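Colleague: Structure file my_file-v6.cif, mmCIF, N, CA and C atoms and all ligand atoms, is pasted below:
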```cif
data_data
loop_
_atom_site.group_PDB
_atom_site.id
_atom_site.type_symbol
_atom_site.label_atom_id
_atom_site.label_comp_id
_atom_site.auth_asym_id
_atom_site.auth_seq_id
_atom_site.Cartn_x
_atom_site.Cartn_y
_atom_site.Cartn_z
ATOM 1 N N MET A 942 16.229 -19.642 10.476
ATOM 2 C CA MET A 942 16.101 -18.358 11.181
ATOM 3 C C MET A 942 15.746 -17.255 10.200
ATOM 4 N N LYS A 943 14.844 -16.437 10.583
ATOM 5 C CA LYS A 943 14.417 -15.374 9.680
ATOM 6 C C LYS A 943 15.448 -14.270 9.565
ATOM 7 N N ASP A 944 15.597 -13.774 8.370
ATOM 8 C CA ASP A 944 16.532 -12.712 8.137
ATOM 9 C C ASP A 944 15.838 -11.371 8.344
ATOM 10 N N LEU A 945 16.286 -10.694 9.370
ATOM 11 C CA LEU A 945 15.641 -9.433 9.694
ATOM 12 C C LEU A 945 16.386 -8.234 9.112
ATOM 13 N N GLU A 946 17.396 -8.521 8.307
ATOM 14 C CA GLU A 946 18.208 -7.433 7.786
ATOM 15 C C GLU A 946 17.425 -6.518 6.861
ATOM 16 N N GLY A 947 17.694 -5.250 6.945
ATOM 17 C CA GLY A 947 17.008 -4.289 6.103
ATOM 18 C C GLY A 947 15.618 -3.985 6.624
ATOM 19 N N PHE A 948 15.302 -4.616 7.700
ATOM 20 C CA PHE A 948 13.973 -4.427 8.273
ATOM 21 C C PHE A 948 14.154 -4.573 9.768
ATOM 22 N N LYS A 949 14.930 -3.675 10.272
ATOM 23 C CA LYS A 949 15.336 -3.799 11.667
ATOM 24 C C LYS A 949 14.174 -3.714 12.633
ATOM 25 N N LYS A 950 14.194 -4.669 13.524
ATOM 26 C CA LYS A 950 13.136 -4.679 14.517
ATOM 27 C C LYS A 950 13.746 -4.576 15.896
ATOM 28 N N TYR A 951 12.964 -4.071 16.775
ATOM 29 C CA TYR A 951 13.452 -3.927 18.133
ATOM 30 C C TYR A 951 12.600 -4.714 19.108
ATOM 31 N N CYS A 952 13.265 -5.226 20.088
ATOM 32 C CA CYS A 952 12.608 -6.025 21.108
ATOM 33 C C CYS A 952 11.428 -5.261 21.712
ATOM 34 N N ALA A 953 10.304 -5.925 21.768
ATOM 35 C CA ALA A 953 9.094 -5.296 22.301
ATOM 36 C C ALA A 953 9.181 -5.096 23.807
ATOM 37 N N VAL A 954 10.164 -5.735 24.423
ATOM 38 C CA VAL A 954 10.279 -5.629 25.871
ATOM 39 C C VAL A 954 11.316 -4.587 26.281
ATOM 40 N N CYS A 955 12.503 -4.673 25.703
ATOM 41 C CA CYS A 955 13.570 -3.791 26.171
ATOM 42 C C CYS A 955 14.117 -2.863 25.084
ATOM 43 N N SER A 956 13.622 -2.983 23.858
ATOM 44 C CA SER A 956 14.057 -2.127 22.758
ATOM 45 C C SER A 956 15.475 -2.381 22.249
ATOM 46 N N ALA A 957 16.057 -3.485 22.663
ATOM 47 C CA ALA A 957 17.341 -3.863 22.079
ATOM 48 C C ALA A 957 17.036 -4.446 20.692
ATOM 49 N N GLU A 958 18.061 -4.692 19.923
ATOM 50 C CA GLU A 958 17.825 -5.240 18.598
ATOM 51 C C GLU A 958 17.205 -6.631 18.695
ATOM 52 N N ALA A 959 16.146 -6.836 17.975
ATOM 53 C CA ALA A 959 15.452 -8.123 18.064
ATOM 54 C C ALA A 959 16.104 -9.162 17.170
ATOM 55 N N VAL A 960 16.168 -10.378 17.677
ATOM 56 C CA VAL A 960 16.728 -11.454 16.864
ATOM 57 C C VAL A 960 15.730 -12.589 16.682
ATOM 58 N N TYR A 961 14.684 -12.578 17.455
ATOM 59 C CA TYR A 961 13.665 -13.618 17.322
ATOM 60 C C TYR A 961 12.288 -12.991 17.171
ATOM 61 N N VAL A 962 11.396 -13.775 16.619
ATOM 62 C CA VAL A 962 10.007 -13.340 16.546
ATOM 63 C C VAL A 962 9.190 -14.400 17.267
ATOM 64 N N CYS A 963 8.401 -13.980 18.200
ATOM 65 C CA CYS A 963 7.610 -14.909 18.995
ATOM 66 C C CYS A 963 6.638 -15.688 18.109
ATOM 67 N N SER A 964 6.604 -16.988 18.316
ATOM 68 C CA SER A 964 5.741 -17.819 17.492
ATOM 69 C C SER A 964 4.276 -17.636 17.856
ATOM 70 N N LYS A 965 4.040 -17.046 18.986
ATOM 71 C CA LYS A 965 2.657 -16.905 19.423
ATOM 72 C C LYS A 965 2.062 -15.540 19.095
ATOM 73 N N CYS A 966 2.744 -14.487 19.525
ATOM 74 C CA CYS A 966 2.177 -13.153 19.339
ATOM 75 C C CYS A 966 2.819 -12.396 18.191
ATOM 76 N N GLY A 967 3.964 -12.911 17.679
ATOM 77 C CA GLY A 967 4.606 -12.245 16.563
ATOM 78 C C GLY A 967 5.444 -11.043 16.948
ATOM 79 N N ARG A 968 5.593 -10.803 18.232
ATOM 80 C CA ARG A 968 6.428 -9.694 18.670
ATOM 81 C C ARG A 968 7.888 -9.992 18.384
ATOM 82 N N PRO A 969 8.614 -8.988 17.920
ATOM 83 C CA PRO A 969 10.060 -9.173 17.794
ATOM 84 C C PRO A 969 10.689 -9.039 19.179
ATOM 85 N N VAL A 970 11.588 -9.912 19.509
ATOM 86 C CA VAL A 970 12.253 -9.823 20.808
ATOM 87 C C VAL A 970 13.739 -10.146 20.706
ATOM 88 N N CYS A 971 14.489 -9.656 21.658
ATOM 89 C CA CYS A 971 15.920 -9.928 21.698
ATOM 90 C C CYS A 971 16.155 -11.309 22.302
ATOM 91 N N ARG A 972 17.413 -11.703 22.324
ATOM 92 C CA ARG A 972 17.749 -13.034 22.821
ATOM 93 C C ARG A 972 17.339 -13.215 24.281
ATOM 94 N N GLN A 973 17.505 -12.156 25.023
ATOM 95 C CA GLN A 973 17.187 -12.212 26.447
ATOM 96 C C GLN A 973 15.719 -12.418 26.747
ATOM 97 N N HIS A 974 14.907 -11.915 25.859
ATOM 98 C CA HIS A 974 13.478 -11.993 26.121
ATOM 99 C C HIS A 974 12.775 -13.046 25.290
ATOM 100 N N TYR A 975 13.526 -14.056 24.950
ATOM 101 C CA TYR A 975 12.936 -15.135 24.187
ATOM 102 C C TYR A 975 13.283 -16.462 24.812
ATOM 103 N N ASN A 976 12.312 -17.308 24.947
ATOM 104 C CA ASN A 976 12.554 -18.632 25.492
ATOM 105 C C ASN A 976 12.578 -19.627 24.346
ATOM 106 N N LEU A 977 13.785 -20.035 23.992
ATOM 107 C CA LEU A 977 13.954 -20.927 22.847
ATOM 108 C C LEU A 977 13.295 -22.283 23.044
ATOM 109 N N LEU A 978 13.215 -22.717 24.273
ATOM 110 C CA LEU A 978 12.629 -24.029 24.544
ATOM 111 C C LEU A 978 11.129 -24.033 24.281
ATOM 112 N N LYS A 979 10.513 -22.910 24.606
ATOM 113 C CA LYS A 979 9.064 -22.830 24.435
ATOM 114 C C LYS A 979 8.666 -22.090 23.168
ATOM 115 N N ASN A 980 9.649 -21.468 22.502
ATOM 116 C CA ASN A 980 9.360 -20.643 21.342
ATOM 117 C C ASN A 980 8.395 -19.520 21.665
ATOM 118 N N LEU A 981 8.618 -18.917 22.802
ATOM 119 C CA LEU A 981 7.743 -17.839 23.232
ATOM 120 C C LEU A 981 8.558 -16.642 23.711
ATOM 121 N N CYS A 982 8.003 -15.479 23.537
ATOM 122 C CA CYS A 982 8.650 -14.302 24.088
ATOM 123 C C CYS A 982 8.335 -14.246 25.576
ATOM 124 N N SER A 983 9.058 -13.426 26.306
ATOM 125 C CA SER A 983 8.854 -13.395 27.752
ATOM 126 C C SER A 983 7.476 -12.856 28.114
ATOM 127 N N VAL A 984 6.886 -12.068 27.212
ATOM 128 C CA VAL A 984 5.543 -11.551 27.474
ATOM 129 C C VAL A 984 4.538 -12.701 27.452
ATOM 130 N N CYS A 985 4.593 -13.510 26.407
ATOM 131 C CA CYS A 985 3.692 -14.648 26.313
ATOM 132 C C CYS A 985 3.969 -15.650 27.424
ATOM 133 N N GLU A 986 5.232 -15.811 27.729
ATOM 134 C CA GLU A 986 5.597 -16.756 28.764
ATOM 135 C C GLU A 986 4.992 -16.343 30.096
ATOM 136 N N SER A 987 4.993 -15.063 30.374
ATOM 137 C CA SER A 987 4.467 -14.604 31.653
ATOM 138 C C SER A 987 2.950 -14.695 31.698
ATOM 139 N N LEU A 988 2.345 -14.827 30.528
ATOM 140 C CA LEU A 988 0.893 -14.954 30.494
ATOM 141 C C LEU A 988 0.467 -16.410 30.573
ATOM 142 N N LEU A 989 1.447 -17.280 30.444
ATOM 143 C CA LEU A 989 1.125 -18.699 30.477
ATOM 144 C C LEU A 989 0.971 -19.199 31.904
ATOM 145 N N CYS A 990 0.178 -20.235 32.025
ATOM 146 C CA CYS A 990 0.001 -20.895 33.304
ATOM 147 C C CYS A 990 1.357 -21.326 33.845
ATOM 148 N N GLU A 991 1.647 -20.971 35.080
ATOM 149 C CA GLU A 991 2.942 -21.337 35.668
ATOM 150 C C GLU A 991 2.959 -22.773 36.150
ATOM 151 N N ILE A 992 1.815 -23.378 36.170
ATOM 152 C CA ILE A 992 1.752 -24.737 36.697
ATOM 153 C C ILE A 992 1.946 -25.771 35.586
ATOM 154 N N CYS A 993 1.195 -25.663 34.505
ATOM 155 C CA CYS A 993 1.366 -26.623 33.417
ATOM 156 C C CYS A 993 2.185 -26.034 32.269
ATOM 157 N N GLY A 994 2.236 -24.695 32.195
ATOM 158 C CA GLY A 994 3.027 -24.050 31.162
ATOM 159 C C GLY A 994 2.478 -24.211 29.752
ATOM 160 N N LYS A 995 1.225 -24.601 29.641
ATOM 161 C CA LYS A 995 0.655 -24.860 28.313
ATOM 162 C C LYS A 995 -0.473 -23.917 27.947
ATOM 163 N N ASN A 996 -1.300 -23.628 28.892
ATOM 164 C CA ASN A 996 -2.482 -22.821 28.597
ATOM 165 C C ASN A 996 -2.332 -21.385 29.089
ATOM 166 N N PRO A 997 -3.049 -20.487 28.467
ATOM 167 C CA PRO A 997 -3.010 -19.103 28.943
ATOM 168 C C PRO A 997 -3.636 -19.015 30.330
ATOM 169 N N SER A 998 -3.087 -18.176 31.160
ATOM 170 C CA SER A 998 -3.583 -18.093 32.526
ATOM 171 C C SER A 998 -4.879 -17.297 32.608
ATOM 172 N N ILE A 999 -5.668 -17.630 33.607
ATOM 173 C CA ILE A 999 -6.938 -16.930 33.800
ATOM 174 C C ILE A 999 -6.961 -16.204 35.148
ATOM 175 N N GLY A 1000 -6.002 -16.505 35.981
ATOM 176 C CA GLY A 1000 -5.971 -15.873 37.291
ATOM 177 C C GLY A 1000 -4.793 -16.406 38.069
ATOM 178 N N TYR A 1001 -4.756 -16.077 39.346
ATOM 179 C CA TYR A 1001 -3.645 -16.587 40.130
ATOM 180 C C TYR A 1001 -4.110 -17.216 41.430
ATOM 181 N N CYS A 1002 -3.279 -18.083 41.932
ATOM 182 C CA CYS A 1002 -3.579 -18.791 43.163
ATOM 183 C C CYS A 1002 -3.407 -17.841 44.345
ATOM 184 N N ILE A 1003 -4.425 -17.737 45.180
ATOM 185 C CA ILE A 1003 -4.310 -16.812 46.304
ATOM 186 C C ILE A 1003 -3.436 -17.387 47.405
ATOM 187 N N ASN A 1004 -3.058 -18.623 47.264
ATOM 188 C CA ASN A 1004 -2.200 -19.233 48.278
ATOM 189 C C ASN A 1004 -0.712 -19.091 47.922
ATOM 190 N N CYS A 1005 -0.323 -19.514 46.722
ATOM 191 C CA CYS A 1005 1.090 -19.445 46.358
ATOM 192 C C CYS A 1005 1.394 -18.294 45.406
ATOM 193 N N GLY A 1006 0.354 -17.679 44.862
ATOM 194 C CA GLY A 1006 0.562 -16.508 44.020
ATOM 195 C C GLY A 1006 0.924 -16.782 42.580
ATOM 196 N N ARG A 1007 0.992 -18.050 42.193
ATOM 197 C CA ARG A 1007 1.335 -18.358 40.807
ATOM 198 C C ARG A 1007 0.115 -18.175 39.912
ATOM 199 N N VAL A 1008 0.379 -17.797 38.651
ATOM 200 C CA VAL A 1008 -0.734 -17.689 37.732
ATOM 201 C C VAL A 1008 -1.033 -19.067 37.158
ATOM 202 N N GLY A 1009 -2.290 -19.322 36.886
ATOM 203 C CA GLY A 1009 -2.667 -20.631 36.384
ATOM 204 C C GLY A 1009 -3.790 -20.557 35.370
ATOM 205 N N CYS A 1010 -3.974 -21.647 34.644
ATOM 206 C CA CYS A 1010 -5.021 -21.728 33.642
ATOM 207 C C CYS A 1010 -6.262 -22.369 34.262
ATOM 208 N N GLU A 1011 -7.304 -22.503 33.475
ATOM 209 C CA GLU A 1011 -8.527 -23.051 34.058
ATOM 210 C C GLU A 1011 -8.397 -24.522 34.426
ATOM 211 N N ASP A 1012 -7.417 -25.185 33.842
ATOM 212 C CA ASP A 1012 -7.194 -26.581 34.205
ATOM 213 C C ASP A 1012 -6.511 -26.696 35.565
ATOM 214 N N CYS A 1013 -5.708 -25.713 35.867
ATOM 215 C CA CYS A 1013 -4.867 -25.798 37.056
ATOM 216 C C CYS A 1013 -5.376 -24.995 38.243
ATOM 217 N N LEU A 1014 -6.404 -24.199 38.006
ATOM 218 C CA LEU A 1014 -6.948 -23.415 39.103
ATOM 219 C C LEU A 1014 -8.345 -23.883 39.451
ATOM 220 N N VAL A 1015 -8.646 -23.859 40.722
ATOM 221 C CA VAL A 1015 -9.991 -24.178 41.165
ATOM 222 C C VAL A 1015 -10.576 -22.890 41.713
ATOM 223 N N GLN A 1016 -11.745 -22.568 41.218
ATOM 224 C CA GLN A 1016 -12.355 -21.314 41.618
ATOM 225 C C GLN A 1016 -12.954 -21.411 43.010
ATOM 226 N N LEU A 1017 -12.606 -20.444 43.852
ATOM 227 C CA LEU A 1017 -13.127 -20.432 45.221
ATOM 228 C C LEU A 1017 -14.287 -19.457 45.352
ATOM 229 N N SER A 1018 -14.163 -18.330 44.649
ATOM 230 C CA SER A 1018 -15.243 -17.349 44.619
ATOM 231 C C SER A 1018 -15.148 -16.659 43.269
ATOM 232 N N THR A 1019 -15.970 -15.663 43.058
ATOM 233 C CA THR A 1019 -15.985 -14.997 41.757
ATOM 234 C C THR A 1019 -14.607 -14.570 41.281
ATOM 235 N N ILE A 1020 -13.780 -14.123 42.185
ATOM 236 C CA ILE A 1020 -12.489 -13.602 41.744
ATOM 237 C C ILE A 1020 -11.280 -14.313 42.333
ATOM 238 N N SER A 1021 -11.500 -15.300 43.166
ATOM 239 C CA SER A 1021 -10.326 -15.943 43.742
ATOM 240 C C SER A 1021 -10.213 -17.415 43.373
ATOM 241 N N TYR A 1022 -8.975 -17.796 43.179
ATOM 242 C CA TYR A 1022 -8.673 -19.162 42.770
ATOM 243 C C TYR A 1022 -7.592 -19.755 43.662
ATOM 244 N N ILE A 1023 -7.563 -21.066 43.674
ATOM 245 C CA ILE A 1023 -6.446 -21.749 44.321
ATOM 246 C C ILE A 1023 -5.964 -22.795 43.320
ATOM 247 N N CYS A 1024 -4.657 -23.006 43.242
ATOM 248 C CA CYS A 1024 -4.148 -23.946 42.249
ATOM 249 C C CYS A 1024 -4.311 -25.383 42.737
ATOM 250 N N VAL A 1025 -4.300 -26.288 41.824
ATOM 251 C CA VAL A 1025 -4.523 -27.692 42.160
ATOM 252 C C VAL A 1025 -3.444 -28.227 43.093
ATOM 253 N N GLU A 1026 -2.244 -27.668 42.963
ATOM 254 C CA GLU A 1026 -1.161 -28.151 43.810
ATOM 255 C C GLU A 1026 -1.357 -27.755 45.265
ATOM 256 N N CYS A 1027 -1.780 -26.534 45.461
ATOM 257 C CA CYS A 1027 -2.032 -26.086 46.831
ATOM 258 C C CYS A 1027 -3.239 -26.835 47.397
ATOM 259 N N LEU A 1028 -4.189 -27.062 46.557
ATOM 260 C CA LEU A 1028 -5.393 -27.753 46.984
ATOM 261 C C LEU A 1028 -5.053 -29.176 47.423
ATOM 262 N N ARG A 1029 -4.173 -29.784 46.638
ATOM 263 C CA ARG A 1029 -3.786 -31.156 46.925
ATOM 264 C C ARG A 1029 -3.028 -31.236 48.255
ATOM 265 N N ARG A 1030 -2.265 -30.178 48.509
ATOM 266 C CA ARG A 1030 -1.489 -30.133 49.739
ATOM 267 C C ARG A 1030 -2.376 -29.843 50.942
ATOM 268 N N GLY A 1031 -3.666 -29.780 50.687
ATOM 269 C CA GLY A 1031 -4.576 -29.504 51.787
ATOM 270 C C GLY A 1031 -4.607 -28.038 52.140
ATOM 271 N N GLY A 1032 -4.030 -27.250 51.244
ATOM 272 C CA GLY A 1032 -3.958 -25.826 51.508
ATOM 273 C C GLY A 1032 -5.245 -25.098 51.257
ATOM 274 N N ARG A 1033 -6.131 -25.190 52.182
ATOM 275 C CA ARG A 1033 -7.299 -24.321 52.121
ATOM 276 C C ARG A 1033 -6.780 -22.974 52.559
ATOM 277 N N VAL A 1034 -7.142 -21.982 51.881
ATOM 278 C CA VAL A 1034 -6.627 -20.652 52.134
ATOM 279 C C VAL A 1034 -6.644 -20.396 53.637
ATOM 280 N N ARG A 1035 -6.510 -19.337 54.211
ATOM 281 C CA ARG A 1035 -6.508 -19.227 55.666
ATOM 282 C C ARG A 1035 -5.118 -19.549 56.195
ATOM 283 N N GLU A 1036 -4.778 -18.987 57.268
ATOM 284 C CA GLU A 1036 -3.476 -19.306 57.845
ATOM 285 C C GLU A 1036 -3.611 -20.549 58.679
ATOM 286 N N CYS A 1037 -3.298 -21.650 58.045
ATOM 287 C CA CYS A 1037 -3.434 -22.860 58.828
ATOM 288 C C CYS A 1037 -2.104 -23.162 59.500
ATOM 289 N N ARG A 1038 -2.136 -23.256 60.749
ATOM 290 C CA ARG A 1038 -0.925 -23.565 61.492
ATOM 291 C C ARG A 1038 -0.755 -25.072 61.575
ATOM 292 N N GLN A 1039 0.469 -25.477 61.587
ATOM 293 C CA GLN A 1039 0.707 -26.910 61.700
ATOM 294 C C GLN A 1039 0.442 -27.345 63.116
ATOM 295 N N ALA A 1040 -0.284 -28.401 63.227
ATOM 296 C CA ALA A 1040 -0.686 -28.861 64.556
ATOM 297 C C ALA A 1040 0.504 -29.405 65.343
HETATM 298 ZN ZN ZN B 1101 14.660 -7.571 25.065
HETATM 299 ZN ZN ZN B 1102 4.877 -13.608 22.400
HETATM 300 ZN ZN ZN B 1103 -2.260 -24.922 33.645
HETATM 301 ZN ZN ZN B 1104 -1.055 -22.430 44.663
#
```
What does this structure look like when you write it as structure tokens?
Modeller:
Amino acid sequence: MKDLEGFKKYCAVCSAEAVYVCSKCGRPVCRQHYNLLKNLCSVCESLLCEICGKNPSIGYCINCGRVGCEDCLVQLSTISYICVECLRRGGRVRECRQA
């Protein structure tokens, strides 16, 4: 663990005393805003694809609203995407009622 003493840093999210430094963006963050499992700050985490959790997101699914990466989103038009999971579920956008 890095010693931050004498060089106090504050969480980039909430301004509490930072105890971790994000491995991705280098932002100092407090315990609350750091995901130890992913080694990411909450800012980077929120930018990550919610479906695979590996790649940076490029947009969000217009059906379920989750953000996804280019692997997990299928482009429907210039600005709209649907995620592979919704697509697999037969979820073509539109209010489809169950028969
Ligand atoms: Zn914080
Ligand atoms: Zn980060
Ligand atoms: Zn993904
Ligand atoms: Zn979806």
Colleague: Would you list the residues that come within 6.5 Å of ligand ZN 1102 (chain B)? Count all atoms listed in the file and give the answer as a ChimeraX atom specification.
Modeller: /A:963-968,981-986
Colleague: Report as a ChimeraX atom specification the residues that result from applying the PyMOL selection byres (((not hetatm)) within 8 of (chain B and resi 1103)) to the structure here.
Modeller: /A:989-998,1008-1014
Colleague: DSSP on the backbone: which residues in range 993-1036 of chain A end up as strand (DSSP E)? Give the answer as a list in words.
Modeller: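 Residues meeting the strand (DSSP E) criterion: Gly1000, Tyr1001, Val1008, Gly1009, Leu1014, Val1015, Gln1016, Tyr1022, Ile1023 and Cys1024 of chain A.
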Colleague: Please determine, counting all atoms listed in the file, which residue among A:Ile999, A:Cys1005, A:Val954, A:Ile1020 has the shortest atom-to-atom distance to ligand ZN 1104 (chain B).
Modeller: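 Of all the options, A:Cys1005 lies closest to ligand ZN 1104 (chain B).
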Colleague: If you count only C-alpha atoms and all ligand atoms, which residues end up within 12 Å of ligand ZN 1101 (chain B), as a compact mmCIF listing (two decimals) with N, CA and C atoms, in the coordinates of the input?
Modeller:
```
# COMPACT_ATOMS: atom_id res chain seq x y z
N LYS A 950 14.19 -4.67 13.52
CA LYS A 950 13.14 -4.68 14.52
C LYS A 950 13.75 -4.58 15.90
N TYR A 951 12.96 -4.07 16.77
CA TYR A 951 13.45 -3.93 18.13
C TYR A 951 12.60 -4.71 19.11
N CYS A 952 13.26 -5.23 20.09
CA CYS A 952 12.61 -6.02 21.11
C CYS A 952 11.43 -5.26 21.71
N ALA A 953 10.30 -5.92 21.77
CA ALA A 953 9.09 -5.30 22.30
C ALA A 953 9.18 -5.10 23.81
N VAL A 954 10.16 -5.74 24.42
CA VAL A 954 10.28 -5.63 25.87
C VAL A 954 11.32 -4.59 26.28
N CYS A 955 12.50 -4.67 25.70
CA CYS A 955 13.57 -3.79 26.17
C CYS A 955 14.12 -2.86 25.08
N SER A 956 13.62 -2.98 23.86
CA SER A 956 14.06 -2.13 22.76
C SER A 956 15.48 -2.38 22.25
N ALA A 957 16.06 -3.48 22.66
CA ALA A 957 17.34 -3.86 22.08
C ALA A 957 17.04 -4.45 20.69
N GLU A 958 18.06 -4.69 19.92
CA GLU A 958 17.82 -5.24 18.60
C GLU A 958 17.20 -6.63 18.70
N ALA A 959 16.15 -6.84 17.98
CA ALA A 959 15.45 -8.12 18.06
C ALA A 959 16.10 -9.16 17.17
N VAL A 960 16.17 -10.38 17.68
CA VAL A 960 16.73 -11.45 16.86
C VAL A 960 15.73 -12.59 16.68
N TYR A 961 14.68 -12.58 17.45
CA TYR A 961 13.66 -13.62 17.32
C TYR A 961 12.29 -12.99 17.17
N VAL A 962 11.40 -13.78 16.62
CA VAL A 962 10.01 -13.34 16.55
C VAL A 962 9.19 -14.40 17.27
N CYS A 963 8.40 -13.98 18.20
CA CYS A 963 7.61 -14.91 19.00
C CYS A 963 6.64 -15.69 18.11
N ARG A 968 5.59 -10.80 18.23
CA ARG A 968 6.43 -9.69 18.67
C ARG A 968 7.89 -9.99 18.38
N PRO A 969 8.61 -8.99 17.92
CA PRO A 969 10.06 -9.17 17.79
C PRO A 969 10.69 -9.04 19.18
N VAL A 970 11.59 -9.91 19.51
CA VAL A 970 12.25 -9.82 20.81
C VAL A 970 13.74 -10.15 20.71
N CYS A 971 14.49 -9.66 21.66
CA CYS A 971 15.92 -9.93 21.70
C CYS A 971 16.16 -11.31 22.30
N ARG A 972 17.41 -11.70 22.32
CA ARG A 972 17.75 -13.03 22.82
C ARG A 972 17.34 -13.22 24.28
N GLN A 973 17.50 -12.16 25.02
CA GLN A 973 17.19 -12.21 26.45
C GLN A 973 15.72 -12.42 26.75
N HIS A 974 14.91 -11.92 25.86
CA HIS A 974 13.48 -11.99 26.12
C HIS A 974 12.78 -13.05 25.29
N TYR A 975 13.53 -14.06 24.95
CA TYR A 975 12.94 -15.14 24.19
C TYR A 975 13.28 -16.46 24.81
N ASN A 976 12.31 -17.31 24.95
CA ASN A 976 12.55 -18.63 25.49
C ASN A 976 12.58 -19.63 24.35
N CYS A 982 8.00 -15.48 23.54
CA CYS A 982 8.65 -14.30 24.09
C CYS A 982 8.34 -14.25 25.58
N SER A 983 9.06 -13.43 26.31
CA SER A 983 8.85 -13.40 27.75
C SER A 983 7.48 -12.86 28.11
N VAL A 984 6.89 -12.07 27.21
CA VAL A 984 5.54 -11.55 27.47
C VAL A 984 4.54 -12.70 27.45
```
Colleague: Evaluate the PyMOL selection byres (((not hetatm)) within 5 of (chain B and resi 1104)) and record the selected residues as JSON, numbers by chain, following the chain and residue labels used in the document.
Modeller: {"A": [1002, 1004, 1005, 1006, 1024, 1027]}
Colleague: Can you pull out every residue within 7 Å of Ile1003 in chain A, counting only C-alpha atoms, but drop anything in the same chain fewer than 6 positions away, and send it as number ranges by chain?
Modeller: A: 1021-1023
Colleague: Using DSSP on the backbone coordinates, identify the residues of chain A assigned to helix (DSSP H, G or I); present them as a PyMOL selection string.
Modeller: chain A and resi 972-974+983-988+1025-1029
Colleague: How far is it from CA of Gly1000 in chain A to CA of Val1025 in chain A, in Å with one decimal?
Modeller: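 Interatomic distance, CA of Gly1000 in chain A to CA of Val1025 in chain A: 12.9 Å.
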Colleague: Can you tell me how far atom N of Gly1031 in chain A sits from CA of Arg1007 in chain A, in Å to one decimal?
Modeller: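 Interatomic distance, atom N of Gly1031 in chain A to CA of Arg1007 in chain A: 15.9 Å.
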Colleague: Give me, please, the distance in Å between CA of Arg1030 in chain A and atom N of Tyr1001 in chain A, quoted to one decimal.
Modeller: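 Computing it gives 17.8 Å between the two atoms.
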Colleague: Taking the structure I provided as the source, export range 961-974 of chain A with N, CA and C atoms, as a tab-separated table (two decimals), in the first residue's frame.
Modeller:
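This is the output file decode_38.tsv:
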```
chain	number	residue	atom	x	y	z
A	961	TYR	N	-6.73	5.28	-1.28
A	961	TYR	CA	-6.33	4.48	-2.44
A	961	TYR	C	-6.09	5.37	-3.64
A	962	VAL	N	-5.33	4.84	-4.57
A	962	VAL	CA	-5.14	5.54	-5.83
A	962	VAL	C	-5.60	4.60	-6.92
A	963	CYS	N	-6.48	5.07	-7.76
A	963	CYS	CA	-7.04	4.23	-8.81
A	963	CYS	C	-5.94	3.75	-9.76
A	964	SER	N	-5.97	2.47	-10.06
A	964	SER	CA	-4.95	1.91	-10.92
A	964	SER	C	-5.14	2.34	-12.37
A	965	LYS	N	-6.30	2.85	-12.66
A	965	LYS	CA	-6.56	3.21	-14.05
A	965	LYS	C	-6.34	4.69	-14.33
A	966	CYS	N	-6.99	5.54	-13.54
A	966	CYS	CA	-6.90	6.98	-13.83
A	966	CYS	C	-5.95	7.70	-12.90
A	967	GLY	N	-5.53	7.03	-11.80
A	967	GLY	CA	-4.60	7.67	-10.89
A	967	GLY	C	-5.24	8.64	-9.91
A	968	ARG	N	-6.55	8.71	-9.92
A	968	ARG	CA	-7.23	9.59	-8.98
A	968	ARG	C	-7.10	9.04	-7.57
A	969	PRO	N	-6.87	9.92	-6.61
A	969	PRO	CA	-6.90	9.47	-5.22
A	969	PRO	C	-8.36	9.34	-4.79
A	970	VAL	N	-8.69	8.28	-4.12
A	970	VAL	CA	-10.07	8.10	-3.66
A	970	VAL	C	-10.12	7.51	-2.25
A	971	CYS	N	-11.21	7.74	-1.58
A	971	CYS	CA	-11.40	7.19	-0.24
A	971	CYS	C	-11.85	5.74	-0.35
A	972	ARG	N	-11.98	5.10	0.79
A	972	ARG	CA	-12.34	3.69	0.81
A	972	ARG	C	-13.70	3.44	0.16
A	973	GLN	N	-14.59	4.37	0.40
A	973	GLN	CA	-15.94	4.23	-0.14
A	973	GLN	C	-16.02	4.29	-1.64
A	974	HIS	N	-15.11	5.03	-2.21
A	974	HIS	CA	-15.17	5.21	-3.65
A	974	HIS	C	-14.13	4.40	-4.40
```
